[in-house]
file structure-v3.txt (compact mmCIF, C-alpha atoms and all ligand atoms)
# COMPACT_ATOMS: atom_id res chain seq x y z
CA MET J 1 -73.44 53.60 -70.45
CA LEU J 2 -72.62 50.19 -71.90
CA GLY J 3 -73.69 48.96 -75.31
CA LEU J 4 -75.83 45.81 -75.33
CA GLY J 5 -72.95 43.59 -76.42
CA ALA J 6 -70.63 44.90 -73.76
CA ALA J 7 -73.31 44.57 -71.10
CA ARG J 8 -73.95 40.96 -72.11
CA ALA J 9 -70.25 40.21 -72.15
CA LEU J 10 -70.00 41.55 -68.63
CA ALA J 11 -73.02 39.61 -67.49
CA GLU J 12 -71.67 36.39 -68.96
CA SER J 13 -68.18 36.94 -67.72
CA THR J 14 -67.16 34.36 -65.19
CA VAL J 15 -64.78 36.82 -63.57
CA PRO J 16 -66.63 38.91 -60.99
CA LEU J 17 -66.15 42.61 -61.57
CA THR J 18 -65.66 43.36 -57.93
CA VAL J 19 -64.23 40.77 -55.62
CA ALA J 20 -65.29 41.18 -52.02
CA PRO J 21 -62.08 41.12 -50.02
CA THR J 22 -61.67 38.06 -47.84
CA PRO J 23 -61.89 39.16 -44.24
CA ALA J 24 -58.57 38.79 -42.48
CA TRP J 25 -58.33 37.20 -39.04
CA PRO J 26 -59.64 38.26 -36.55
CA ALA J 27 -62.43 40.00 -38.51
CA PRO J 28 -65.86 38.32 -38.48
CA GLY J 29 -66.09 35.67 -41.20
CA ALA J 30 -62.32 35.30 -41.61
CA PRO J 31 -61.86 31.90 -43.20
CA LEU J 32 -60.68 29.00 -41.06
CA SER J 33 -60.36 25.46 -42.25
CA VAL J 34 -60.90 22.34 -40.22
CA ALA J 35 -58.24 19.85 -41.24
CA ARG J 36 -59.05 16.16 -41.46
CA VAL J 37 -56.61 14.74 -38.97
CA ARG J 38 -54.55 11.84 -40.31
CA PHE J 39 -53.26 9.23 -37.91
CA PRO J 40 -50.46 6.99 -39.14
CA GLU J 41 -50.83 3.28 -38.66
CA GLY J 42 -49.72 2.17 -35.22
CA PHE J 43 -50.13 5.65 -33.72
CA GLY J 44 -52.22 4.09 -30.97
CA LYS J 45 -53.51 6.24 -28.16
CA ARG J 46 -51.36 9.03 -26.70
CA ARG J 47 -51.74 10.63 -23.28
CA ILE J 48 -52.13 14.41 -23.47
CA TYR J 49 -52.07 16.44 -20.28
CA LEU J 50 -53.90 19.73 -20.81
CA ASP J 51 -52.99 22.46 -18.39
CA ALA J 52 -55.81 24.98 -18.10
CA GLY J 53 -53.48 27.91 -17.40
CA HIS J 54 -53.77 29.82 -14.08
CA GLY J 55 -56.40 28.73 -11.54
CA ALA J 56 -53.75 28.44 -8.82
CA GLN J 57 -54.01 30.28 -5.50
CA GLY J 58 -53.96 34.04 -6.14
CA ASN J 59 -53.45 33.46 -9.85
CA THR J 60 -56.47 34.17 -12.04
CA GLY J 61 -54.49 35.39 -15.08
CA ASN J 62 -55.49 38.30 -17.27
CA LYS J 63 -58.93 39.87 -17.61
CA SER J 64 -60.18 39.88 -21.19
CA VAL J 65 -61.89 42.63 -23.17
CA THR J 66 -65.18 41.07 -22.01
CA CYS J 67 -63.88 41.00 -18.41
CA GLU J 68 -63.57 37.20 -18.46
CA ASP J 69 -60.80 35.90 -16.18
CA GLU J 70 -58.11 34.03 -18.08
CA GLU J 71 -58.49 31.06 -15.72
CA ALA J 72 -62.13 30.72 -16.82
CA PHE J 73 -61.21 30.99 -20.49
CA THR J 74 -58.44 28.40 -20.29
CA LEU J 75 -60.68 25.93 -18.49
CA ARG J 76 -63.45 26.40 -21.05
CA ILE J 77 -60.99 25.89 -23.91
CA ALA J 78 -59.28 22.92 -22.25
CA GLU J 79 -62.58 21.13 -21.71
CA ASP J 80 -63.59 21.71 -25.32
CA LEU J 81 -60.19 20.62 -26.69
CA ALA J 82 -60.17 17.52 -24.47
CA ARG J 83 -63.56 16.43 -25.79
CA ARG J 84 -62.50 16.89 -29.40
CA LEU J 85 -59.12 15.19 -29.02
CA GLU J 86 -60.71 12.20 -27.28
CA ALA J 87 -63.36 11.96 -30.00
CA THR J 88 -60.60 11.05 -32.50
CA GLY J 89 -60.06 7.81 -30.56
CA HIS J 90 -56.29 8.45 -30.55
CA PHE J 91 -55.85 10.60 -27.47
CA GLN J 92 -56.47 10.15 -23.80
CA VAL J 93 -56.71 13.55 -22.13
CA ARG J 94 -56.46 14.81 -18.57
CA ILE J 95 -57.09 18.41 -17.53
CA SER J 96 -55.06 20.00 -14.74
CA ARG J 97 -58.03 21.26 -12.74
CA LYS J 98 -61.81 21.19 -12.41
CA PRO J 99 -64.10 24.22 -12.05
CA GLY J 100 -63.59 25.82 -8.64
CA GLU J 101 -60.35 23.96 -7.91
CA ARG J 102 -57.11 25.74 -7.01
CA VAL J 103 -54.25 23.53 -8.11
CA PRO J 104 -50.60 24.48 -7.48
CA TYR J 105 -48.34 24.22 -10.52
CA PRO J 106 -45.95 21.62 -9.07
CA SER J 107 -48.92 19.30 -8.44
CA ARG J 108 -49.89 19.58 -12.09
CA ILE J 109 -46.45 18.61 -13.34
CA ASN J 110 -46.32 15.72 -10.85
CA ALA J 111 -49.75 14.50 -11.93
CA ALA J 112 -48.72 14.60 -15.59
CA ARG J 113 -45.46 12.77 -14.87
CA LYS J 114 -47.11 10.06 -12.75
CA TRP J 115 -49.64 9.51 -15.49
CA ASN J 116 -46.77 9.13 -18.00
CA ALA J 117 -48.10 11.91 -20.18
CA HIS J 118 -46.55 11.97 -23.63
CA VAL J 119 -47.05 15.73 -23.85
CA LEU J 120 -48.14 18.68 -21.75
CA LEU J 121 -49.99 21.53 -23.45
CA SER J 122 -50.52 24.60 -21.30
CA LEU J 123 -53.36 26.78 -22.60
CA HIS J 124 -53.34 30.54 -22.10
CA SER J 125 -54.46 33.79 -23.64
CA ASP J 126 -52.12 36.76 -23.89
CA ALA J 127 -52.55 40.40 -22.78
CA ARG J 128 -50.38 42.65 -24.92
CA GLY J 129 -49.40 46.24 -25.46
CA MET J 130 -50.74 49.48 -24.00
CA ALA J 131 -54.44 48.91 -23.42
CA MET J 132 -57.20 51.47 -22.92
CA PRO J 133 -59.99 51.22 -20.33
CA TRP J 134 -63.11 49.77 -21.89
CA GLU J 135 -66.66 49.10 -20.74
CA PRO J 136 -68.07 45.93 -22.32
CA ALA J 137 -71.30 46.48 -20.39
CA PRO J 138 -72.56 49.30 -18.19
CA GLY J 139 -70.76 49.23 -14.87
CA GLN J 140 -68.09 46.76 -16.04
CA GLN J 141 -64.59 47.93 -16.71
CA CYS J 142 -61.69 46.09 -18.25
CA TYR J 143 -59.16 46.86 -20.99
CA ARG J 144 -59.02 46.79 -24.74
CA GLN J 145 -56.21 46.82 -27.29
CA ASP J 146 -56.86 45.88 -30.91
CA THR J 147 -53.47 46.13 -32.57
CA SER J 148 -51.63 42.91 -31.76
CA PRO J 149 -53.78 39.85 -32.39
CA GLY J 150 -52.60 36.33 -33.07
CA PHE J 151 -51.53 33.08 -31.46
CA SER J 152 -48.09 32.18 -30.21
CA VAL J 153 -46.53 28.92 -29.10
CA LEU J 154 -43.73 29.00 -26.53
CA TRP J 155 -41.05 26.50 -25.56
CA SER J 156 -38.00 26.65 -23.31
CA GLU J 157 -34.37 26.03 -24.16
CA GLU J 158 -33.67 25.13 -20.54
CA ALA J 159 -33.00 21.40 -21.01
CA GLU J 160 -30.56 18.98 -22.58
CA VAL J 161 -30.52 19.06 -26.36
CA PRO J 162 -32.73 15.99 -27.03
CA LEU J 163 -35.54 17.40 -24.89
CA GLN J 164 -35.03 20.86 -26.41
CA ASN J 165 -35.52 19.30 -29.82
CA ARG J 166 -38.70 17.53 -28.80
CA ARG J 167 -40.12 20.73 -27.31
CA ALA J 168 -39.20 22.69 -30.43
CA GLY J 169 -40.67 20.01 -32.68
CA LEU J 170 -43.95 20.07 -30.80
CA ALA J 171 -44.19 23.88 -30.74
CA ARG J 172 -43.38 24.19 -34.45
CA ALA J 173 -45.79 21.45 -35.52
CA ILE J 174 -48.67 23.03 -33.62
CA ALA J 175 -47.89 26.53 -34.92
CA ARG J 176 -47.54 25.25 -38.48
CA HIS J 177 -50.98 23.62 -38.40
CA LEU J 178 -52.59 26.62 -36.69
CA GLY J 179 -51.22 28.79 -39.49
CA GLN J 180 -52.49 26.37 -42.15
CA ALA J 181 -55.94 26.42 -40.55
CA GLY J 182 -56.09 30.19 -41.04
CA PHE J 183 -55.15 31.43 -37.57
CA ARG J 184 -52.95 34.47 -37.62
CA HIS J 185 -49.69 34.30 -35.72
CA TYR J 186 -48.55 37.06 -33.40
CA ASP J 187 -45.56 39.08 -34.60
CA GLY J 188 -43.96 39.07 -31.14
CA MET J 189 -43.61 42.86 -30.81
CA ASP J 190 -44.16 42.84 -27.04
CA TYR J 191 -42.00 39.77 -26.49
CA THR J 192 -38.78 41.67 -27.17
CA GLY J 193 -36.39 40.83 -24.37
CA LEU J 194 -38.69 38.14 -22.98
CA TYR J 195 -38.76 35.51 -25.68
CA ALA J 196 -36.79 35.12 -28.88
CA ALA J 197 -38.56 34.44 -32.16
CA ASP J 198 -37.92 30.87 -33.31
CA SER J 199 -36.46 31.27 -36.78
CA ALA J 200 -37.79 27.86 -37.87
CA GLN J 201 -41.51 28.66 -37.63
CA ALA J 202 -43.60 31.83 -37.51
CA GLY J 203 -45.60 32.16 -34.31
CA VAL J 204 -43.12 30.15 -32.23
CA PHE J 205 -41.08 31.84 -29.51
CA VAL J 206 -38.31 30.52 -27.31
CA SER J 207 -37.75 31.11 -23.64
CA ARG J 208 -33.98 31.52 -23.74
CA VAL J 209 -31.70 32.04 -20.78
CA SER J 210 -29.71 34.71 -22.65
CA GLU J 211 -32.72 37.02 -23.17
CA PRO J 212 -32.26 40.11 -20.96
CA THR J 213 -35.55 39.81 -19.03
CA HIS J 214 -35.91 36.10 -19.62
CA ARG J 215 -38.73 34.53 -17.63
CA ARG J 216 -38.24 31.05 -16.25
CA ILE J 217 -41.60 29.46 -16.84
CA PHE J 218 -42.27 26.43 -14.72
CA VAL J 219 -44.42 24.43 -17.16
CA LEU J 220 -41.91 25.02 -19.95
CA ARG J 221 -38.67 24.17 -18.18
CA ARG J 222 -39.62 21.62 -15.52
CA PRO J 223 -41.31 18.68 -17.31
CA THR J 224 -38.99 15.98 -18.61
CA PHE J 225 -41.45 15.19 -21.40
CA PRO J 226 -42.24 17.76 -24.13
CA SER J 227 -44.28 20.75 -22.96
CA VAL J 228 -45.32 23.98 -24.65
CA ILE J 229 -47.55 26.95 -23.92
CA ILE J 230 -50.18 27.87 -26.50
CA GLU J 231 -51.24 31.50 -26.22
CA THR J 232 -54.42 31.06 -28.21
CA HIS J 233 -55.01 34.76 -28.89
CA HIS J 234 -54.82 38.30 -27.54
CA ALA J 235 -57.45 38.50 -24.81
CA LEU J 236 -57.77 42.31 -25.06
CA ASP J 237 -58.52 42.28 -28.79
CA PHE J 238 -62.26 42.79 -29.21
CA GLU J 239 -62.66 40.85 -32.46
CA GLU J 240 -60.25 38.08 -31.63
CA ALA J 241 -61.93 37.47 -28.26
CA ALA J 242 -65.24 37.25 -30.13
CA ARG J 243 -63.82 34.69 -32.59
CA TRP J 244 -62.80 32.51 -29.63
CA ARG J 245 -66.47 32.31 -28.63
CA GLU J 246 -67.28 30.67 -31.97
CA GLU J 247 -67.73 26.97 -32.52
CA ARG J 248 -65.77 26.92 -35.78
CA THR J 249 -62.76 28.50 -34.06
CA LEU J 250 -62.71 25.75 -31.46
CA GLU J 251 -63.20 23.11 -34.13
CA ALA J 252 -60.38 24.42 -36.35
CA PHE J 253 -58.12 24.86 -33.31
CA ALA J 254 -58.65 21.30 -32.10
CA ALA J 255 -57.97 19.81 -35.53
CA ALA J 256 -54.77 21.86 -35.89
CA VAL J 257 -53.56 20.86 -32.42
CA ALA J 258 -54.39 17.21 -33.10
CA GLN J 259 -52.43 17.20 -36.36
CA GLY J 260 -49.55 19.00 -34.65
CA LEU J 261 -49.50 16.31 -31.96
CA VAL J 262 -49.43 13.59 -34.61
CA ASP J 263 -46.54 15.26 -36.44
CA ALA J 264 -44.58 15.73 -33.23
CA LEU J 265 -45.24 12.28 -31.76
CA ALA J 266 -44.88 10.28 -34.96
CA PRO J 267 -42.50 12.41 -37.02
CA ALA J 268 -41.36 9.62 -39.34
CA ALA J 269 -44.92 8.73 -40.25
CA ALA J 270 -45.81 12.37 -40.77
CA SER J 271 -42.93 12.99 -43.16
CA ALA J 272 -43.79 9.82 -45.10
CA ALA J 273 -47.40 10.99 -45.42
CA ASN J 274 -46.21 14.39 -46.64
CA ALA J 275 -43.93 12.73 -49.18
CA THR J 276 -46.73 10.62 -50.66
CA ALA J 277 -49.11 13.58 -50.63
CA ARG J 278 -46.76 15.53 -52.90
CA PRO J 279 -47.78 15.42 -56.57
ZN ZN J 301 -51.72 33.14 -18.97
call {"tool": "encode", "arguments": {"input": "structure-v3.txt", "output": "structure tokens"}}
result
Amino acid sequence: MLGLGAARALAESTVPLTVAPTPAWPAPGAPLSVARVRFPEGFGKRRIYLDAGHGAQGNTGNKSVTCEDEEAFTLRIAEDLARRLEATGHFQVRISRKPGERVPYPSRINAARKWNAHVLLSLHSDARGMAMPWEPAPGQQCYRQDTSPGFSVLWSEEAEVPLQNRRAGLARAIARHLGQAGFRHYDGMDYTGLYAADSAQAGVFVSRVSEPTHRRIFVLRRPTFPSVIIETHHALDFEEAARWREERTLEAFAAAVAQGLVDALAPAAASAANATARP
């Protein structure tokens, strides 16, 4: 039992006695911040080609923990991201396919090239690890695996050095801003042998010819303008899939991607802004 003085001291104390732990991504309520995107003077309007991953003939992608086809998820996310990027007034966006369309990958790259896209972002979700069968609703069966959440951003080394550098710069800028927004990055456990971790930025992985089971990914190696894949999250993770149904996730994601695009497309301006922002 506390004496009156001690009880009052506790009551008046500005330090809470028990601090509720901040939920960590992807738990419900995990904090995300929506950055205010800063556009340097003269940034103008950049053309962003959004590839809604999969949706080609015989290629629907993974099936999420809620049994959603990856091709449906990527289209939903691409449409949302396009709307938000265009709302800034600094991006013109095209999406690689419309609902119900089956678009071959070479046609997408050609369309982006003919349009003179500054950048191609290919949106995907990942399916990782050893998953267990799971019934999200009676009669529905898909798979679940809750131990490897997080985003990743991929780029390919298969190019001349200047293009390699532009790909790397884009991937790192996007991953950096996703991290700052509160998204958790994937540790890359299941990428061993497929992609190498990019030592410059957590959450970035490199498609490298020397990796033993290296995959040559068309959208990463073929475009002659910078292209990256964003694996937004782990589709089989119950909580992370739920977060990607939330408005604030989409809002924070779009702001992080937008700022990443600014940093990658106007690097000099971005570093100047960072320099003046420093105390
Ligand atoms: Zn995919």
call {"tool": "residues_around", "arguments": {"input": "structure-v3.txt", "residues": "Ser152 of chain J", "least_positions_apart": "6", "cutoff": "7 Å", "atoms": "all atoms listed in the file", "output": "PyMOL selection string"}}
result
chain J and resi 185-186+203-204+230-232
call {"tool": "residues_near_ligand", "arguments": {"input": "structure-v3.txt", "ligand": "ligand ZN 301 (chain J)", "cutoff": "10 Å", "atoms": "all atoms listed in the file", "output": "PDB file with C-alpha atoms, in the frame of the given file"}}
result
ATOM      1  CA  ALA J  52     -55.810  24.980 -18.100  1.00  0.00           C
ATOM      2  CA  GLY J  53     -53.480  27.910 -17.400  1.00  0.00           C
ATOM      3  CA  HIS J  54     -53.770  29.820 -14.080  1.00  0.00           C
ATOM      4  CA  GLY J  55     -56.400  28.730 -11.540  1.00  0.00           C
ATOM      5  CA  ASN J  59     -53.450  33.460  -9.850  1.00  0.00           C
ATOM      6  CA  THR J  60     -56.470  34.170 -12.040  1.00  0.00           C
ATOM      7  CA  GLY J  61     -54.490  35.390 -15.080  1.00  0.00           C
ATOM      8  CA  ASN J  62     -55.490  38.300 -17.270  1.00  0.00           C
ATOM      9  CA  LYS J  63     -58.930  39.870 -17.610  1.00  0.00           C
ATOM     10  CA  ASP J  69     -60.800  35.900 -16.180  1.00  0.00           C
ATOM     11  CA  GLU J  70     -58.110  34.030 -18.080  1.00  0.00           C
ATOM     12  CA  GLU J  71     -58.490  31.060 -15.720  1.00  0.00           C
ATOM     13  CA  PHE J  73     -61.210  30.990 -20.490  1.00  0.00           C
ATOM     14  CA  THR J  74     -58.440  28.400 -20.290  1.00  0.00           C
ATOM     15  CA  SER J 122     -50.520  24.600 -21.300  1.00  0.00           C
ATOM     16  CA  LEU J 123     -53.360  26.780 -22.600  1.00  0.00           C
ATOM     17  CA  HIS J 124     -53.340  30.540 -22.100  1.00  0.00           C
ATOM     18  CA  SER J 125     -54.460  33.790 -23.640  1.00  0.00           C
ATOM     19  CA  ASP J 126     -52.120  36.760 -23.890  1.00  0.00           C
ATOM     20  CA  ALA J 127     -52.550  40.400 -22.780  1.00  0.00           C
ATOM     21  CA  ILE J 229     -47.550  26.950 -23.920  1.00  0.00           C
ATOM     22  CA  ILE J 230     -50.180  27.870 -26.500  1.00  0.00           C
ATOM     23  CA  GLU J 231     -51.240  31.500 -26.220  1.00  0.00           C
ATOM     24  CA  THR J 232     -54.420  31.060 -28.210  1.00  0.00           C
ATOM     25  CA  ALA J 235     -57.450  38.500 -24.810  1.00  0.00           C
TER      26      ALA J 235
END
call {"tool": "atom_distance", "arguments": {"input": "structure-v3.txt", "atom1": "atom CA of Phe253 of chain J", "atom2": "atom CA of Leu154 of chain J"}}
result
16.4 Å
call {"tool": "axis_aligned_box", "arguments": {"input": "structure-v3.txt", "around": "segment 131-146 of chain J", "padding_each_side": "8 Å", "output": "lines of an AutoDock Vina configuration file"}}
result
center_x = -63.5
center_y = 48.7
center_z = -22.9
size_x = 34.1
size_y = 21.6
size_z = 32.0
call {"tool": "atom_distance", "arguments": {"input": "structure-v3.txt", "atom1": "atom CA of Ala35 of chain J", "atom2": "atom CA of Leu50 of chain J"}}
result
20.9 Å
call {"tool": "atom_distance", "arguments": {"input": "structure-v3.txt", "atom1": "atom CA of Gly44 of chain J", "atom2": "atom CA of His177 of chain J"}}
result
20.9 Å
call {"tool": "closest_residue", "arguments": {"input": "structure-v3.txt", "among": "J:Arg216, J:Ser156, J:Glu239, J:Arg144", "to": "Pro23 of chain J", "atoms": "all atoms listed in the file"}}
result
J:Glu239
call {"tool": "closest_residue", "arguments": {"input": "structure-v3.txt", "among": "J:Met130, J:Leu170, J:Ile95, J:Val65", "to": "Val257 of chain J", "atoms": "only C-alpha atoms"}}
result
J:Leu170
call {"tool": "closest_residue", "arguments": {"input": "structure-v3.txt", "among": "J:Phe43, J:Arg172, J:Arg76, J:Cys67", "to": "Arg245 of chain J", "atoms": "all atoms listed in the file"}}
result
J:Arg76
call {"tool": "residues_around", "arguments": {"input": "structure-v3.txt", "residues": "Glu157 of chain J", "least_positions_apart": "5", "cutoff": "10 Å", "atoms": "only C-alpha atoms", "output": "VMD selection string"}}
result
chain J and resid 163 to 165 167 to 168 206 to 210 220 to 221
call {"tool": "decode", "arguments": {"input": "structure-v3.txt", "residues": "segment 142-233 of chain J", "atoms": "C-alpha atoms", "output": "tab-separated table (two decimals), in the first residue's frame"}}
result
chain	number	residue	atom	x	y	z
J	142	CYS	CA	-4.93	-21.51	-49.31
J	143	TYR	CA	-1.68	-21.23	-47.35
J	144	ARG	CA	-0.38	-19.34	-44.38
J	145	GLN	CA	3.08	-18.57	-43.02
J	146	ASP	CA	3.59	-15.87	-40.41
J	147	THR	CA	7.33	-15.84	-39.81
J	148	SER	CA	8.86	-13.81	-42.64
J	149	PRO	CA	7.03	-10.53	-43.18
J	150	GLY	CA	8.40	-7.40	-44.77
J	151	PHE	CA	8.95	-5.62	-48.06
J	152	SER	CA	11.85	-6.06	-50.44
J	153	VAL	CA	13.02	-4.09	-53.45
J	154	LEU	CA	14.88	-5.92	-56.22
J	155	TRP	CA	17.15	-4.73	-59.01
J	156	SER	CA	19.35	-6.49	-61.55
J	157	GLU	CA	23.07	-6.16	-62.12
J	158	GLU	CA	22.63	-7.31	-65.70
J	159	ALA	CA	23.45	-4.01	-67.46
J	160	GLU	CA	26.28	-1.59	-68.08
J	161	VAL	CA	27.49	0.21	-64.98
J	162	PRO	CA	25.63	3.53	-65.48
J	163	LEU	CA	22.27	1.75	-65.75
J	164	GLN	CA	23.20	-0.53	-62.83
J	165	ASN	CA	23.81	2.57	-60.75
J	166	ARG	CA	20.48	4.12	-61.69
J	167	ARG	CA	18.64	0.89	-60.85
J	168	ALA	CA	20.46	0.61	-57.53
J	169	GLY	CA	19.79	4.27	-56.73
J	170	LEU	CA	16.08	3.84	-57.37
J	171	ALA	CA	15.80	0.61	-55.37
J	172	ARG	CA	17.72	2.05	-52.41
J	173	ALA	CA	15.79	5.32	-52.35
J	174	ILE	CA	12.44	3.52	-52.32
J	175	ALA	CA	13.55	1.06	-49.63
J	176	ARG	CA	15.00	3.86	-47.51
J	177	HIS	CA	11.73	5.79	-47.54
J	178	LEU	CA	9.63	2.66	-46.93
J	179	GLY	CA	11.78	1.98	-43.87
J	180	GLN	CA	11.43	5.57	-42.66
J	181	ALA	CA	7.64	5.32	-43.04
J	182	GLY	CA	7.61	2.38	-40.62
J	183	PHE	CA	7.42	-0.55	-43.03
J	184	ARG	CA	9.50	-3.50	-41.97
J	185	HIS	CA	12.01	-4.85	-44.44
J	186	TYR	CA	12.35	-8.54	-45.17
J	187	ASP	CA	15.54	-10.18	-43.91
J	188	GLY	CA	15.99	-12.17	-47.13
J	189	MET	CA	16.18	-15.62	-45.50
J	190	ASP	CA	14.49	-17.37	-48.43
J	191	TYR	CA	16.41	-15.40	-51.04
J	192	THR	CA	19.66	-17.23	-50.33
J	193	GLY	CA	21.08	-18.31	-53.66
J	194	LEU	CA	18.48	-16.32	-55.61
J	195	TYR	CA	19.28	-12.73	-54.78
J	196	ALA	CA	22.14	-11.14	-52.90
J	197	ALA	CA	21.49	-8.64	-50.13
J	198	ASP	CA	22.49	-5.14	-51.23
J	199	SER	CA	24.95	-4.00	-48.59
J	200	ALA	CA	24.05	-0.33	-49.16
J	201	GLN	CA	20.44	-0.49	-47.96
J	202	ALA	CA	18.38	-2.90	-45.85
J	203	GLY	CA	15.48	-4.43	-47.76
J	204	VAL	CA	17.22	-4.17	-51.14
J	205	PHE	CA	18.30	-7.31	-53.00
J	206	VAL	CA	20.26	-7.75	-56.18
J	207	SER	CA	19.65	-10.16	-59.00
J	208	ARG	CA	23.26	-11.10	-59.68
J	209	VAL	CA	24.50	-13.41	-62.40
J	210	SER	CA	26.95	-15.09	-60.00
J	211	GLU	CA	24.23	-16.29	-57.59
J	212	PRO	CA	23.95	-20.10	-57.88
J	213	THR	CA	20.23	-20.23	-58.74
J	214	HIS	CA	20.10	-16.72	-60.12
J	215	ARG	CA	16.82	-15.89	-61.83
J	216	ARG	CA	16.90	-13.70	-64.90
J	217	ILE	CA	13.90	-11.48	-64.38
J	218	PHE	CA	12.64	-9.84	-67.52
J	219	VAL	CA	11.37	-6.56	-66.03
J	220	LEU	CA	14.61	-6.11	-64.11
J	221	ARG	CA	17.16	-6.81	-66.83
J	222	ARG	CA	15.45	-5.80	-70.08
J	223	PRO	CA	14.43	-2.12	-69.73
J	224	THR	CA	17.07	0.43	-70.69
J	225	PHE	CA	15.59	2.91	-68.21
J	226	PRO	CA	15.66	2.20	-64.44
J	227	SER	CA	13.34	-0.57	-63.30
J	228	VAL	CA	12.84	-2.30	-59.96
J	229	ILE	CA	10.46	-4.81	-58.41
J	230	ILE	CA	8.75	-3.87	-55.16
J	231	GLU	CA	7.62	-6.91	-53.21
J	232	THR	CA	5.22	-5.01	-51.01
J	233	HIS	CA	4.83	-7.73	-48.36
